[in-house]
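See structure below.
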Amino acid sequence: MDQSTASGGQTVGPGLALPSKLIKIVGVLTSLLLTFIGLTAITFVIGRVMPADPVLAIVGDRASQEVYDQVFLQLGLDKPIYVQYFRYLSQLVEGDLGTSIMTAQPVAEDILRFFPATLELATIATLLGIFVGIPMGVLAAVHQGRWQDHIVRVIGLIGYSAPIFWLGMVALLIFYAKLDWVAGPGRLDVFYDGIVEPVTGVLLIDAALSRDWEIFHNALSHLILPASILGTFALAYIARMTRSFMLDQLSQEYILTARVKGIPEWNVIWNHAFRNVLVQLITIIGLTYASLLEGSVLTETVFSWPGIGQYITNSLFNNDMNAVLGGTIVVGVCFVGINMLSDLLYRLVDPRVR
Amino acid sequence: MTKLKKILITFTTLAAFIMGPSHAATPGNTFVMAKDIADIITMDPAEVFELTTGEITANIYDKIMMFEPEDLQTLVGGVAESWDISNGGKTITFKIRPGLKFHSGNPVRAEDVAWSLQRVVKLNKTPAFIITQFGWTADNVDALVKATDASHVQITITEDFSPGLVLNAMSAGVASVVDKKLVMSHEKDGDLGYDWLKSKSAGSGAFSLKTWKANELVTLEANAGYRHGAPGMKRVILRHVSEPSSQRLLLEKADVDMARNLTPDQVKGIQGNSDIAIDGHPKGTIVYMAANASHPILGKAKVVQALRNLVDYESMANSFLAGQFVVHQAFWPGGLWAALETTPYKQDVAKAKSLLAEAGHADGFELTIHTLTNSPFPEIAQAVQANLAKGGIKANIVTLEGKTLWPKYRAREHDIILARWSPDYVDPHSNADAFAHNPDNRLEAKLTGVLAWRNAWADDASNALAVKARNELDLDKRKKQYLDLQAMLQTKGPFVIMFQQNEQIARRKNLKGFVSGSNFDLVFYRNVSKN
């Protein structure tokens, strides 16, 4: 019997492992390519069949027919939709995402400006979700049915069901307007704008790199409230799922065995039960982070946060298809990237997956 | 130290670092306003036609003729020091003020003035019609608009237009004087600097554009050498805040000096604050309903007249529109030269029913009202729906974003539209041309910029009077003709003109001198000062 056929490429000698790995990589790359072609094609078609008129987004409703026709031709809208799409794809291959109607800037430049703002917000929100949500979920599971569990469930319910727009306004009113603990809407006080040289686009990092702690403090003060509001959603979701996974594990026989053996309770919880929910939690955290990276339009609106969510939404309303497609590609990359990262983390935390 | 104590200390230190007032009130030399500036798509005065950029470029560029903040009623020379009308009103020669300089330091020359107009015609962007209506085309504009020497510019029109109208049009955004030398140094592939000027400035006005970060902020810097003297503020910042509630909070905390987009409820709520003043600024924006004349029922004059009698204007103006809109029933906004201020209509259900009966629709009928999604249009549409029901008319409401609504309107695919209109420049011809003048009503004529055409309505008497007033040389006669034309359209035609906007702006009381005139490009920052 041919060994490689019987046991697969991973277990055979080094001579055969390389082609197998190559095939895997080619397979992944092909699926990535197909994903992006599908993503751009669907977005492109939806944009073109929407009743909104991309020409009027540029010329305004008062334009004469002559001006309208001129721009219609300039945009290539007289061509069949597949020709328009392939033209877009050919530009994309050359790294040209086109120019945005709404900002008059290349879409790539816009994304470099708007995406770091969302990245900053989503990362802090997700970290909050992880570092507060997981202990809360574990606490609730360990104390199932008792007051600790009820509190965590109520917090989870609020975080999950309270309209984020309302939550944001109330938080602004309390912590910004009344208590004066944090800075208000916006990413930075306008007087600090342009002082720090943008390196990464993430203000906290850029301010730290330039050792401008005043701006760092100001940026952090602007960030903490929207990140917390967005974090409540992440926190609620992660806490609920952690509780659910932990309850499942804590009812297993191996936990009973560990307790009977006299292993300390914290060891049973964190080293035995929790380690077994990590793989599932990584999936949940990855999905949460990816969804936050899409940009939370409502949070960005309430806090005047110039993020990718607002950018894509505004562009969509104005039929600014280059910007919508550019934004969609970024979101796609985030999802794919985070999925790949999750896969890698599975291997780290679970030897069975290796 | 226990683990818990360590965590608590770390947390408290971190919280102390993050919290606490990290922001300061706006500096004394900077004017910061919160405004929804998402409508900005270009800074090029040859293309600017949006409300925010109309306002911004008015502060960056001096135009050939201008309305100055000190007197918004009188048209005076901007870059032009004086002007001379000849050739039976068809030629105007402008003498350019000596010693003017652009922000770049380049002198303002007659050549720059002529080139700025030529550029608008050649680029032919949306607002170009304001001057191409004079008969200027890309082929003839170099001959018809020219610098005759270092300090004189001569413009000649080929169509019959009143010179008064031409001078008014020279105060529109398209008559902004652009620094030719600077712009042409950035020209690419014969684009007349279009690509560059979209996000930069090259003017000689009170401010220059320092930064435009789309959906974030616009920063203007004072021109210390401005011909009227240095502006009161060193810097003006328009900060993008799309949510009105956030604007209110920022204003109350003095993080901005002015909030531009508060809703009536927020204005009401903020009125008790002793640090904040609310100013009303009558604007040129009017709200109207229009009936598609190609509709078998709405095409009847008596039906439209019945609609005029069914609407309860006062009730709306005194309730949900209070403070933000006033009743106005003529196509040219009140407060402007030649405006008809009469309001002949109020709700009269009996009269409306009788008109409907005369038109053969005593039992009423069903129609659809298309309107915009943003406030106050859905609210007005609902009130109108209730009003029309009193006459037996069942109105269905469809709300759409502008980008979806306008294509329908331009294709005559509506029954009734509820929308707004504001003048393109301060001359009654601007609105008369849209409401009262439809020279070719055929569908294939595609006069999509003309409201009368969009509503499939044309009338010989209205057309003739609009043209007569447009061409009239005598100012008093011209005024009378526009008054007659407005009165005519109050009784015939597809329009039910309802309200005029009164913009409510909330500001910190220590800020003074902000001027907001009737038109979108008559907003001035240069006299703003702070105590």
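Residues are named by chain letter and number: chains run A, B, ... in the order of the structure tokens, numbers start at 1 in each chain, and ligands are numbered from 1 in the order shown.
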
Practice item. Might you pull out every residue within 9 Å of Ala432 of chain B, with only C-alpha atoms counted and same-chain residues fewer than 4 positions away left off, and present them as a list in words? Key: Phe331, Trp332, Pro428, Ala436, His437, Ala466, Arg470, Tyr482, Leu485 and Gln486 of chain B

Those residues you just picked out, can you put them in a file as a compact mmCIF listing (two decimals), in the first residue's frame with N, CA and C atoms?
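Output saved as part.txt:
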# COMPACT_ATOMS: atom_id res chain seq x y z
N PHE B 331 -42.41 81.95 -4.42
CA PHE B 331 -41.20 81.20 -4.74
C PHE B 331 -39.90 81.91 -4.40
N TRP B 332 -39.95 83.23 -4.20
CA TRP B 332 -38.73 83.95 -3.84
C TRP B 332 -38.76 84.25 -2.34
N PRO B 428 -33.80 87.18 -8.07
CA PRO B 428 -35.05 86.42 -8.18
C PRO B 428 -35.10 85.53 -9.42
N ALA B 436 -40.83 79.01 -12.61
CA ALA B 436 -41.81 79.63 -13.51
C ALA B 436 -41.44 79.56 -14.99
N HIS B 437 -40.27 79.06 -15.33
CA HIS B 437 -39.82 79.14 -16.71
C HIS B 437 -39.49 77.75 -17.24
N ALA B 466 -41.45 85.58 -16.97
CA ALA B 466 -40.12 85.24 -16.41
C ALA B 466 -39.01 85.79 -17.31
N ARG B 470 -36.39 88.86 -16.49
CA ARG B 470 -34.97 88.53 -16.61
C ARG B 470 -34.22 89.58 -17.43
N TYR B 482 -41.39 90.69 -11.11
CA TYR B 482 -41.18 89.50 -10.27
C TYR B 482 -42.30 89.35 -9.23
N LEU B 485 -45.11 87.89 -11.08
CA LEU B 485 -44.86 86.48 -11.41
C LEU B 485 -45.10 85.59 -10.18
N GLN B 486 -44.65 86.05 -9.03
CA GLN B 486 -44.87 85.26 -7.81
C GLN B 486 -46.36 85.15 -7.49

Point to revise | segment 354-481 of chain B: residues DSSP assigns to alpha helix (DSSP H), reported as an NGL selection string | key: :B and (354-358 or 377-389 or 402-410 or 428-435 or 451-454 or 460-471 or 475-481)

Review point. Within 8 Å of chain A, which residues of chain B show up when using only C-alpha atoms, listed as a PyMOL selection string?
Key: chain B and resi 17-23+38-42+49+124-127+129+198-199+214-216+237+239-243+245-246+249-250+252-253+401+403-407+446-450

I need the residues from that last selection saved to file as a PDB file, in the first residue's frame (with C-alpha atoms), if you can.
ATOM      1  CA  PHE B  17      -4.410  59.085  34.572  1.00  0.00           C
ATOM      2  CA  ILE B  18      -7.307  58.641  32.162  1.00  0.00           C
ATOM      3  CA  MET B  19      -9.898  60.612  34.038  1.00  0.00           C
ATOM      4  CA  GLY B  20      -9.998  64.205  35.010  1.00  0.00           C
ATOM      5  CA  PRO B  21     -10.555  67.151  32.739  1.00  0.00           C
ATOM      6  CA  SER B  22      -8.102  66.640  29.914  1.00  0.00           C
ATOM      7  CA  HIS B  23      -9.702  69.210  27.681  1.00  0.00           C
ATOM      8  CA  ALA B  38     -20.351  65.314   5.608  1.00  0.00           C
ATOM      9  CA  ASP B  39     -21.702  67.128   2.530  1.00  0.00           C
ATOM     10  CA  ILE B  40     -18.272  68.474   1.584  1.00  0.00           C
ATOM     11  CA  ILE B  41     -17.082  66.817  -1.616  1.00  0.00           C
ATOM     12  CA  THR B  42     -14.877  69.513  -3.113  1.00  0.00           C
ATOM     13  CA  PHE B  49     -22.577  73.608  -4.768  1.00  0.00           C
ATOM     14  CA  ASN B 124     -18.473  72.937 -16.883  1.00  0.00           C
ATOM     15  CA  LYS B 125     -19.305  71.545 -13.464  1.00  0.00           C
ATOM     16  CA  THR B 126     -22.785  71.748 -11.932  1.00  0.00           C
ATOM     17  CA  PRO B 127     -22.850  75.452 -10.914  1.00  0.00           C
ATOM     18  CA  PHE B 129     -24.953  77.173 -15.568  1.00  0.00           C
ATOM     19  CA  LYS B 198     -10.466  70.011  -4.972  1.00  0.00           C
ATOM     20  CA  SER B 199      -8.773  69.885  -1.601  1.00  0.00           C
ATOM     21  CA  ALA B 214     -13.204  64.620   5.330  1.00  0.00           C
ATOM     22  CA  ASN B 215     -15.763  63.717   8.004  1.00  0.00           C
ATOM     23  CA  GLU B 216     -13.456  65.089  10.660  1.00  0.00           C
ATOM     24  CA  ILE B 237     -12.392  75.184  12.912  1.00  0.00           C
ATOM     25  CA  ARG B 239     -15.625  70.172  13.530  1.00  0.00           C
ATOM     26  CA  HIS B 240     -17.684  67.329  12.077  1.00  0.00           C
ATOM     27  CA  VAL B 241     -20.299  66.297  14.609  1.00  0.00           C
ATOM     28  CA  SER B 242     -23.199  64.644  12.853  1.00  0.00           C
ATOM     29  CA  GLU B 243     -25.232  63.872  15.946  1.00  0.00           C
ATOM     30  CA  SER B 245     -27.202  65.677  20.798  1.00  0.00           C
ATOM     31  CA  SER B 246     -23.401  65.488  20.771  1.00  0.00           C
ATOM     32  CA  LEU B 249     -23.146  68.546  24.872  1.00  0.00           C
ATOM     33  CA  LEU B 250     -20.007  70.006  23.290  1.00  0.00           C
ATOM     34  CA  GLU B 252     -22.696  73.234  26.890  1.00  0.00           C
ATOM     35  CA  LYS B 253     -19.209  72.145  27.926  1.00  0.00           C
ATOM     36  CA  GLU B 401     -32.744  59.529   0.723  1.00  0.00           C
ATOM     37  CA  LYS B 403     -29.824  60.257  -3.869  1.00  0.00           C
ATOM     38  CA  THR B 404     -32.816  57.986  -4.461  1.00  0.00           C
ATOM     39  CA  LEU B 405     -35.510  60.648  -4.464  1.00  0.00           C
ATOM     40  CA  TRP B 406     -33.947  63.074  -6.949  1.00  0.00           C
ATOM     41  CA  PRO B 407     -33.656  60.553  -9.812  1.00  0.00           C
ATOM     42  CA  LYS B 446     -34.707  66.777 -20.268  1.00  0.00           C
ATOM     43  CA  LEU B 447     -34.565  70.185 -18.599  1.00  0.00           C
ATOM     44  CA  THR B 448     -33.955  68.283 -15.405  1.00  0.00           C
ATOM     45  CA  GLY B 449     -32.587  71.250 -13.469  1.00  0.00           C
ATOM     46  CA  VAL B 450     -35.898  73.128 -13.897  1.00  0.00           C
TER      47      VAL B 450
END

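Interatomic distance, atom CA of Ile286 of chain B against atom CA of Val327 of chain B: 9.5 Å.
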
Practice item. Measure the distance from atom CA of Leu119 of chain A to atom CA of Leu32 of chain A in Å and round it to one decimal. Key: 22.2 Å

Exercise for review: Might you pull out every residue within 10 Å of Val303 of chain B, with only C-alpha atoms counted and same-chain residues fewer than 5 positions away left off, and present them as a list in words?
Suggested key: Ala291, Ile297, Leu298, Arg308, Asn309, Ala352, Lys353, Leu355, Leu356, Ala357, Glu358, Ala359, Gly360, His361 and Pro494 of chain B

For the selection you just gave me, I'd like the residues written to a file as an mmCIF file, in the first residue's frame, keeping N, CA and C atoms.
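Wrote it out as again-v2.cif, contents follow:
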data_model
loop_
_atom_site.group_PDB
_atom_site.id
_atom_site.type_symbol
_atom_site.label_atom_id
_atom_site.label_comp_id
_atom_site.auth_asym_id
_atom_site.auth_seq_id
_atom_site.Cartn_x
_atom_site.Cartn_y
_atom_site.Cartn_z
ATOM 1 N N ALA B 291 -47.041 69.138 -7.530
ATOM 2 C CA ALA B 291 -47.870 68.076 -8.098
ATOM 3 C C ALA B 291 -47.456 67.837 -9.541
ATOM 4 N N ILE B 297 -55.097 63.388 -12.512
ATOM 5 C CA ILE B 297 -55.904 64.201 -11.577
ATOM 6 C C ILE B 297 -55.128 65.432 -11.138
ATOM 7 N N LEU B 298 -53.859 65.235 -10.776
ATOM 8 C CA LEU B 298 -53.074 66.363 -10.250
ATOM 9 C C LEU B 298 -52.766 67.399 -11.329
ATOM 10 N N ARG B 308 -53.815 73.626 -2.061
ATOM 11 C CA ARG B 308 -53.353 74.856 -1.383
ATOM 12 C C ARG B 308 -54.287 75.213 -0.226
ATOM 13 N N ASN B 309 -55.579 74.932 -0.417
ATOM 14 C CA ASN B 309 -56.556 75.273 0.619
ATOM 15 C C ASN B 309 -56.686 74.215 1.710
ATOM 16 N N ALA B 352 -61.851 73.917 -0.367
ATOM 17 C CA ALA B 352 -61.100 72.851 -1.045
ATOM 18 C C ALA B 352 -62.049 71.788 -1.566
ATOM 19 N N LYS B 353 -63.034 71.422 -0.765
ATOM 20 C CA LYS B 353 -63.986 70.394 -1.184
ATOM 21 C C LYS B 353 -64.773 70.852 -2.397
ATOM 22 N N LEU B 355 -63.760 72.984 -4.631
ATOM 23 C CA LEU B 355 -62.861 72.954 -5.797
ATOM 24 C C LEU B 355 -62.687 71.523 -6.323
ATOM 25 N N LEU B 356 -62.587 70.580 -5.396
ATOM 26 C CA LEU B 356 -62.448 69.179 -5.807
ATOM 27 C C LEU B 356 -63.712 68.698 -6.530
ATOM 28 N N ALA B 357 -64.852 69.155 -6.029
ATOM 29 C CA ALA B 357 -66.117 68.766 -6.666
ATOM 30 C C ALA B 357 -66.184 69.344 -8.079
ATOM 31 N N GLU B 358 -65.768 70.606 -8.197
ATOM 32 C CA GLU B 358 -65.766 71.246 -9.533
ATOM 33 C C GLU B 358 -64.828 70.515 -10.496
ATOM 34 N N ALA B 359 -63.757 69.962 -9.934
ATOM 35 C CA ALA B 359 -62.795 69.237 -10.784
ATOM 36 C C ALA B 359 -63.254 67.810 -11.062
ATOM 37 N N GLY B 360 -64.370 67.426 -10.441
ATOM 38 C CA GLY B 360 -64.913 66.080 -10.676
ATOM 39 C C GLY B 360 -64.370 65.038 -9.722
ATOM 40 N N HIS B 361 -63.876 65.495 -8.547
ATOM 41 C CA HIS B 361 -63.317 64.541 -7.589
ATOM 42 C C HIS B 361 -63.892 64.770 -6.197
ATOM 43 N N PRO B 494 -47.996 74.042 -10.525
ATOM 44 C CA PRO B 494 -48.042 72.812 -9.713
ATOM 45 C C PRO B 494 -47.580 72.982 -8.265
#

Review point. Which polymer residues have any atom within 12 Å of an atom of Gly95 of chain A, counting only C-alpha atoms, with same-chain residues fewer than 2 positions away left out, as a ChimeraX atom specification?
Key: /A:88-93,97-98,106-109,326
